[in-house]
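Comments concern the structure below.
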Amino acid sequence: MLQIDRWKRILIIGICVLGLAYAMPNLFYERVEAHNDAVATVEKTGVSTPELEAAEAGWPGWLPNGLVNLGLDLRGGAHLLAEVRVSEVYKSRMDALWPDLRRALADERATIGTIRRVQSSEGTLKIEIGNPDQMARAVEIARGFSDPVASLTGAGQSSLDINADGNAMTIQLSEAEKVATDDRTIQQSLEIIRRRVDEVGTREPTIMRQGTDRILIQVPGIGSAEELKALIGTTAKLTFNPVAGTGSDPDAPVDVGQVVLPDAEQEGVYYTIEETPVVSGEELNDALPSTDQNGQPSVDFRFNPTGARKFGAYTSANVGQPFAIVLDDQVISAPVIRQAITTGSGQISGSMTFDEANQLAILLRAGALPAELTFLEERTVGPELGQDSIDAGKIASMVGFVAVIVLMVLSYGKFGVFASIALAINMGLIFGVLSMIGATLTLPGIAGIVLTIGMAVDANVLVFERIREELRTARGPARAIELGYEKAMSAIVDANITTLIIAAILFALGSGPVKGFAVTLSIGIVTSVFTALWVTRLMTVTWFERARPRQIEV
Amino acid sequence: MAFRLKLVPQDTKIDFFRWQFLTFGISSAMIVLSVVFLVMFGLNFGIDFKGGTTIRTESTQEVDVGAYREALQPLGLGDVAISQVFDPTFGPDQNVAQVRISAQDGVESVTPETINAVEAALKEVDSSITFPSVESVGPKVSGELINTAIYAVLASLAAISVYIWLRFEWQFSIGAIVSLVHDVVITMGVFALFQIKFDLATVAALLTIVGYSINDTVVVFDRLRENLMKYKKRALRDVMNLSVNETLSRTVMTSGTTLVALIALLVLGGDVIRGFVFAITFGIVIGTYSSIYVAKNVVLWLGVKRDWSKKDPKEAAFPGAEAP
């Protein structure tokens, strides 16, 4: 018999109501968004202003407030795919190892003989020693600098690969250590990019690791990919170095451990500086944009205790000497030390705009990227284009929706009406689920929804056609409806599972917008099977119980 | 009672195999032509697969492609393609063009200087110009995207064939795959013939076609399976005809509603997703055709084991050939 248990009815209606409730905030997109932003701001800062309170009051707190995130192609914003040059870190690790290793080897100069670092390929350290027959001893000392690799896959291996050949020994990171290092480099880069992007305070940026050495950055609401690149791409390596000389020759002869760097502002001015910095940017505690005594934009910074101690010691020993503030291999200023600076704070000034000062402060606060980034892919979408797409999508969905309803009602009469109501609920459920899981709606995602509008009625069509057939064999309307649902089931299941397989593959292999399409498509499949099978059945059964028709026409 | 729109008469007795050699010929010819088009013209790959930069321009003034080209000439960017975009959804003072710059040698993605130079040069020509979107893909990524796209299509074909094989018989699985390949190749052929932009979204569209076409095919197969159990003695060909006739009104109705919705999107959805929607729309038509004329014909030729008490599956094969 045509029967649905009471608890099932409650469950079906409950799911519909819940889904629609979650979908509802999207009808008041701007108000809810303002409310959510205000709540987030108050939570973050702890301060509430009248404007924030007004925005918060724009949407009642007890209602669901999840929204469908609009993708970059709809909201506008920037998308970057960056590759982290992880191997750069190998070089800096080797360069950092050299002074310590040299000291250790020098202690045994009596047995090993002279020690010399010679040119070798990047990321390796090649050392020649005076007494080749003592190579074993030298390798043993070098091995002392090797640690066991602390990763799961690399367990049991040590961090350095050391090869001895005649009077030369070549040291490089072992494969296991390289893997572990790469991982750390990416994690660190992710963290720094996240901090830099957060500093500008845009809404919900996506910063995601992709593959072994890539980072995907999507920031809605930012003007262009260039802006985003400028923000995150700068390495912002800040150091304070002793100055050995000033001149106008970029190829001036230097001693070992010195380099010639250009002045950031004055063309033709070059400084010879000591490569080993006194203090580096990692020892900064804070950096803030401010103005100098002439009212020009500048950046105030403060060192952490170790940085402050080092800086204090250096400045007190070198009063009257110039020192250089070096940012990304450019000398941004080279003041003369007038007195010991023991407070641990200082100021960077120079001809910069307020925006640049702000930018520099952000970069300094966030710290340096461990390795440089190469941008493989960048996309900018203007907000107007996104709005156009949303409007076009809305109109197209409306027209498609109405056309499908007309077709259904003309074809199946009352049952067509049921199917149309189910279709409307289905649309609501899709948005409800998207909001609940915080999925992102993209332009192809809208296409996915429109496609669902067309395909969602398929399950109903299958059922209705089947009921028609069963009616022809004249078993009475109740039995026909029941059999219609029963027999259509296997076709519906098979048809939808195959489509779901495709959606899963699209999701796994797709990127960006394609992924968005896969998400809406699969949610659409699940909700449309639910509404087509259960919601229409509930409507049919309820109608049937009331009307008790002797004959039905589908 | 009420008026009913009947797209298909209630009882159809169409012999779908009557013209099977003609439809087979048409299908084969279309596949061969598609391959020829693909080889001859190639696909018009978007920057997703080729690498390079596209800049969308919008202006209140008429687009003058010649002037744009002249302005960009001195920059020496290599292959620059400029095309005006027309769309019924544009307003009267919305003139849109697409500037495509091929990937620059030795550079992963286009440098800000290049983009600034292009934008400045175009501003010279037309001061009201704006750049609503700029996209740039490096050759490294584009190569990987091609691989991913190929994997995606192959993986979905494999997954579906396994599913159909598990739920039905291997003959059905092969029939389904042949019809899916048929749909994908012909759609790609159309893309090659009309040089419609082929990018990642198009691959998504191809997979959607695969999903839709298999959906359609499975419904017919499902009915066929049911009828095979019901009419154990009837010729396979007759049972197939019966199954398609029984599901014909459903096929037409579902294709109808889907097409109606998609055509709305095609006309009103804006030019940004037009290629994507076109691929799906075309695919729905070809997918509906293939589920009626391709998938089960293959199954008929392969034959299906009818009587599980007998050992030889070949017995029921080619029953159509024996029929008068």
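In the structure tokens, the first chain shown is A, the next is B, and so on; residue numbers restart at 1 for each chain, and ligands run from 1 in the order shown.
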Give me, as a tab-separated table, the closest atom pair and its distance (Å, one decimal) for every residue of chain B within a cut-off of 6 Å of chain A, counting only C-alpha atoms, rows sorted by chain and rising number.
residue	atom	partner	partner_atom	distance
B:Arg4	CA	A:Ser411	CA	5.0
B:Leu5	CA	A:Ser411	CA	4.5
B:Glu108	CA	A:Leu376	CA	5.5
B:Ser109	CA	A:Leu376	CA	5.3
B:Pro132	CA	A:Gly382	CA	4.4
B:Ser133	CA	A:Val381	CA	4.3
B:Val134	CA	A:Thr380	CA	4.9
B:Glu135	CA	A:Arg379	CA	4.0
B:Ser136	CA	A:Glu378	CA	5.0
B:Val137	CA	A:Glu377	CA	4.2
B:Gly138	CA	A:Leu376	CA	4.9
B:Ser156	CA	A:Ile502	CA	5.8
B:Gly211	CA	A:Thr499	CA	4.6
B:Asn215	CA	A:Ala495	CA	4.4
B:Val218	CA	A:Ala495	CA	5.7
B:Val219	CA	A:Ala491	CA	5.3
B:Asp222	CA	A:Ala491	CA	5.6
B:Thr254	CA	A:Asp458	CA	5.4
B:Thr257	CA	A:Gly454	CA	4.9
B:Thr258	CA	A:Gly454	CA	3.7
B:Ala261	CA	A:Gly400	CA	4.0
B:Ala264	CA	A:Ala396	CA	5.2
B:Leu265	CA	A:Ala396	CA	4.8
B:Leu268	CA	A:Ala396	CA	5.3
B:Gly269	CA	A:Ala392	CA	4.7
B:Gly270	CA	A:Ala392	CA	5.8
With N, CA and C atoms kept, could you save the residues just selected as an mmCIF file, in the first residue's frame?
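Done, and the output landed in result.cif:
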data_model
loop_
_atom_site.group_PDB
_atom_site.id
_atom_site.type_symbol
_atom_site.label_atom_id
_atom_site.label_comp_id
_atom_site.auth_asym_id
_atom_site.auth_seq_id
_atom_site.Cartn_x
_atom_site.Cartn_y
_atom_site.Cartn_z
ATOM 1 N N ARG B 4 -2.436 16.969 -21.933
ATOM 2 C CA ARG B 4 -1.073 16.516 -21.692
ATOM 3 C C ARG B 4 -0.221 16.774 -22.917
ATOM 4 N N LEU B 5 0.910 17.372 -22.664
ATOM 5 C CA LEU B 5 1.868 17.542 -23.755
ATOM 6 C C LEU B 5 2.551 16.194 -23.981
ATOM 7 N N GLU B 108 58.488 31.978 -16.785
ATOM 8 C CA GLU B 108 57.431 31.089 -16.338
ATOM 9 C C GLU B 108 56.052 31.733 -16.494
ATOM 10 N N SER B 109 55.869 32.894 -15.890
ATOM 11 C CA SER B 109 54.612 33.572 -16.159
ATOM 12 C C SER B 109 54.974 34.987 -16.574
ATOM 13 N N PRO B 132 39.064 44.120 -17.204
ATOM 14 C CA PRO B 132 38.349 43.373 -16.170
ATOM 15 C C PRO B 132 38.978 42.038 -15.800
ATOM 16 N N SER B 133 39.770 41.461 -16.677
ATOM 17 C CA SER B 133 40.457 40.258 -16.203
ATOM 18 C C SER B 133 41.770 40.038 -16.947
ATOM 19 N N VAL B 134 42.742 39.574 -16.201
ATOM 20 C CA VAL B 134 44.049 39.251 -16.773
ATOM 21 C C VAL B 134 44.411 37.860 -16.281
ATOM 22 N N GLU B 135 44.699 36.952 -17.181
ATOM 23 C CA GLU B 135 45.075 35.609 -16.766
ATOM 24 C C GLU B 135 46.368 35.207 -17.444
ATOM 25 N N SER B 136 47.206 34.548 -16.685
ATOM 26 C CA SER B 136 48.501 34.174 -17.219
ATOM 27 C C SER B 136 48.882 32.801 -16.697
ATOM 28 N N VAL B 137 49.225 31.910 -17.604
ATOM 29 C CA VAL B 137 49.612 30.564 -17.194
ATOM 30 C C VAL B 137 50.981 30.251 -17.788
ATOM 31 N N GLY B 138 51.866 29.778 -16.958
ATOM 32 C CA GLY B 138 53.208 29.453 -17.419
ATOM 33 C C GLY B 138 53.225 28.132 -18.163
ATOM 34 N N SER B 156 37.794 8.532 -15.908
ATOM 35 C CA SER B 156 36.343 8.431 -15.821
ATOM 36 C C SER B 156 35.829 7.331 -16.745
ATOM 37 N N GLY B 211 29.224 11.959 -18.345
ATOM 38 C CA GLY B 211 28.281 11.661 -17.266
ATOM 39 C C GLY B 211 26.851 11.602 -17.761
ATOM 40 N N ASN B 215 24.475 8.270 -18.256
ATOM 41 C CA ASN B 215 23.203 8.319 -17.544
ATOM 42 C C ASN B 215 22.089 7.832 -18.465
ATOM 43 N N VAL B 218 22.549 4.133 -19.419
ATOM 44 C CA VAL B 218 22.247 3.212 -18.326
ATOM 45 C C VAL B 218 20.742 3.000 -18.196
ATOM 46 N N VAL B 219 19.964 4.046 -18.420
ATOM 47 C CA VAL B 219 18.511 3.917 -18.310
ATOM 48 C C VAL B 219 18.000 2.901 -19.342
ATOM 49 N N ASP B 222 19.207 -0.550 -18.335
ATOM 50 C CA ASP B 222 18.482 -1.035 -17.173
ATOM 51 C C ASP B 222 17.166 -1.679 -17.610
ATOM 52 N N THR B 254 13.653 13.992 -20.727
ATOM 53 C CA THR B 254 14.809 14.447 -19.946
ATOM 54 C C THR B 254 15.762 15.267 -20.812
ATOM 55 N N THR B 257 14.143 18.724 -21.136
ATOM 56 C CA THR B 257 14.266 19.662 -20.011
ATOM 57 C C THR B 257 15.708 20.129 -19.864
ATOM 58 N N THR B 258 16.652 19.198 -20.043
ATOM 59 C CA THR B 258 18.055 19.589 -19.896
ATOM 60 C C THR B 258 18.443 20.601 -20.976
ATOM 61 N N ALA B 261 17.017 24.086 -20.284
ATOM 62 C CA ALA B 261 17.781 24.823 -19.275
ATOM 63 C C ALA B 261 19.122 25.287 -19.837
ATOM 64 N N ALA B 264 18.876 28.213 -22.281
ATOM 65 C CA ALA B 264 18.731 29.464 -21.541
ATOM 66 C C ALA B 264 20.094 29.979 -21.109
ATOM 67 N N LEU B 265 20.935 29.081 -20.632
ATOM 68 C CA LEU B 265 22.268 29.477 -20.178
ATOM 69 C C LEU B 265 23.149 29.880 -21.361
ATOM 70 N N LEU B 268 21.735 33.383 -22.438
ATOM 71 C CA LEU B 268 21.733 34.471 -21.456
ATOM 72 C C LEU B 268 22.907 34.421 -20.477
ATOM 73 N N GLY B 269 23.694 33.369 -20.516
ATOM 74 C CA GLY B 269 24.705 33.181 -19.482
ATOM 75 C C GLY B 269 25.976 33.995 -19.637
ATOM 76 N N GLY B 270 26.075 34.786 -20.687
ATOM 77 C CA GLY B 270 27.270 35.601 -20.866
ATOM 78 C C GLY B 270 28.340 34.850 -21.637
#
In stretch 61-103 of chain B, what's strand (DSSP E) per DSSP? Answer as a VMD selection string?
chain B and resid 80 to 85 95 to 102
Got a sec: who's within 9 Å of B:Ile196, counting only C-alpha atoms, leaving out chain neighbours fewer than 6 positions off, as a count of residues only?
5
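Relative to atom CA of A:Val526, atom CA of A:Val541 is found at 22.0 Å.
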With only C-alpha atoms as the atoms that count, which of B:Val277, B:Ala201, B:Leu248, B:Ile292 lies nearest to B:Gln20?
B:Ile292
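Nearest to A:Ile127 of all the residues A:Glu88, A:Asp165, A:Glu83, A:Glu33 is A:Asp165, based on only C-alpha atoms.
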Excluding A:Ser333 and residues on its chain fewer than 4 positions from it, collect all residues at most 10 Å away from it, counting only C-alpha atoms, and give them as an MDAnalysis selection string.
chainID A and resid 240 263:265 322:327 348:350
Saved selection, atoms kept: N, CA and C atoms, as a tab-separated table (two decimals), in the first residue's frame:
chain	number	residue	atom	x	y	z
A	240	PHE	N	71.43	44.11	9.08
A	240	PHE	CA	72.21	45.29	9.46
A	240	PHE	C	73.67	44.89	9.38
A	263	ASP	N	73.08	51.38	-3.65
A	263	ASP	CA	72.17	52.14	-2.81
A	263	ASP	C	70.78	52.06	-3.43
A	264	ALA	N	69.77	51.96	-2.59
A	264	ALA	CA	68.42	51.77	-3.11
A	264	ALA	C	67.89	53.01	-3.83
A	265	GLU	N	68.37	54.21	-3.39
A	265	GLU	CA	67.81	55.43	-3.97
A	265	GLU	C	68.76	56.18	-4.88
A	322	PRO	N	79.94	54.07	9.97
A	322	PRO	CA	78.65	53.88	9.32
A	322	PRO	C	78.23	52.41	9.38
A	323	PHE	N	76.95	52.17	9.39
A	323	PHE	CA	76.50	50.79	9.21
A	323	PHE	C	75.33	50.82	8.22
A	324	ALA	N	75.12	49.68	7.55
A	324	ALA	CA	74.15	49.67	6.46
A	324	ALA	C	72.90	48.88	6.84
A	325	ILE	N	71.75	49.45	6.49
A	325	ILE	CA	70.51	48.68	6.62
A	325	ILE	C	70.23	48.12	5.22
A	326	VAL	N	70.30	46.80	5.11
A	326	VAL	CA	70.22	46.16	3.79
A	326	VAL	C	68.89	45.42	3.67
A	327	LEU	N	68.13	45.77	2.63
A	327	LEU	CA	66.88	45.07	2.38
A	327	LEU	C	66.97	44.45	0.99
A	348	ILE	N	63.86	53.27	10.26
A	348	ILE	CA	64.34	53.28	8.89
A	348	ILE	C	63.67	54.43	8.18
A	349	SER	N	64.44	55.37	7.68
A	349	SER	CA	63.80	56.43	6.92
A	349	SER	C	64.50	56.55	5.57
A	350	GLY	N	63.91	57.27	4.71
A	350	GLY	CA	64.43	57.38	3.36
A	350	GLY	C	63.27	57.91	2.56
Can you list, as a list in words, every protein, DNA or RNA residue that comes within 9 Å of B:Ala149 when you count only C-alpha atoms, leaving out same-chain residues fewer than 3 positions away?
Leu509 and Gly510 of chain A; Glu144, Leu145, Ile146, Ala152, Val153, Leu154, Leu200, Val203 and Ala204 of chain B
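Of the listed residues A:Glu140, A:Glu470, A:Asp300, A:Asp100, the one whose atoms come nearest to A:Asn285 is A:Asp300, with distances taken using only C-alpha atoms.
For stretch 164-198 of chain A, backbone-based DSSP labels the following residues as helix (DSSP H, G or I): A:Glu175, A:Ala176, A:Glu177, A:Lys178, A:Val179, A:Ala180, A:Thr181, A:Asp182, A:Asp183, A:Arg184, A:Thr185, A:Ile186, A:Gln187, A:Gln188, A:Ser189, A:Leu190, A:Glu191, A:Ile192, A:Ile193, A:Arg194, A:Arg195, A:Arg196, A:Val197, A:Asp198.
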Using only C-alpha atoms, determine which residues lie at most 9 Å from A:Ile115, disregarding the query and same-chain residues fewer than 6 positions distant; provide the list as a PyMOL selection string.
chain A and resi 102+105-106+109+127-130
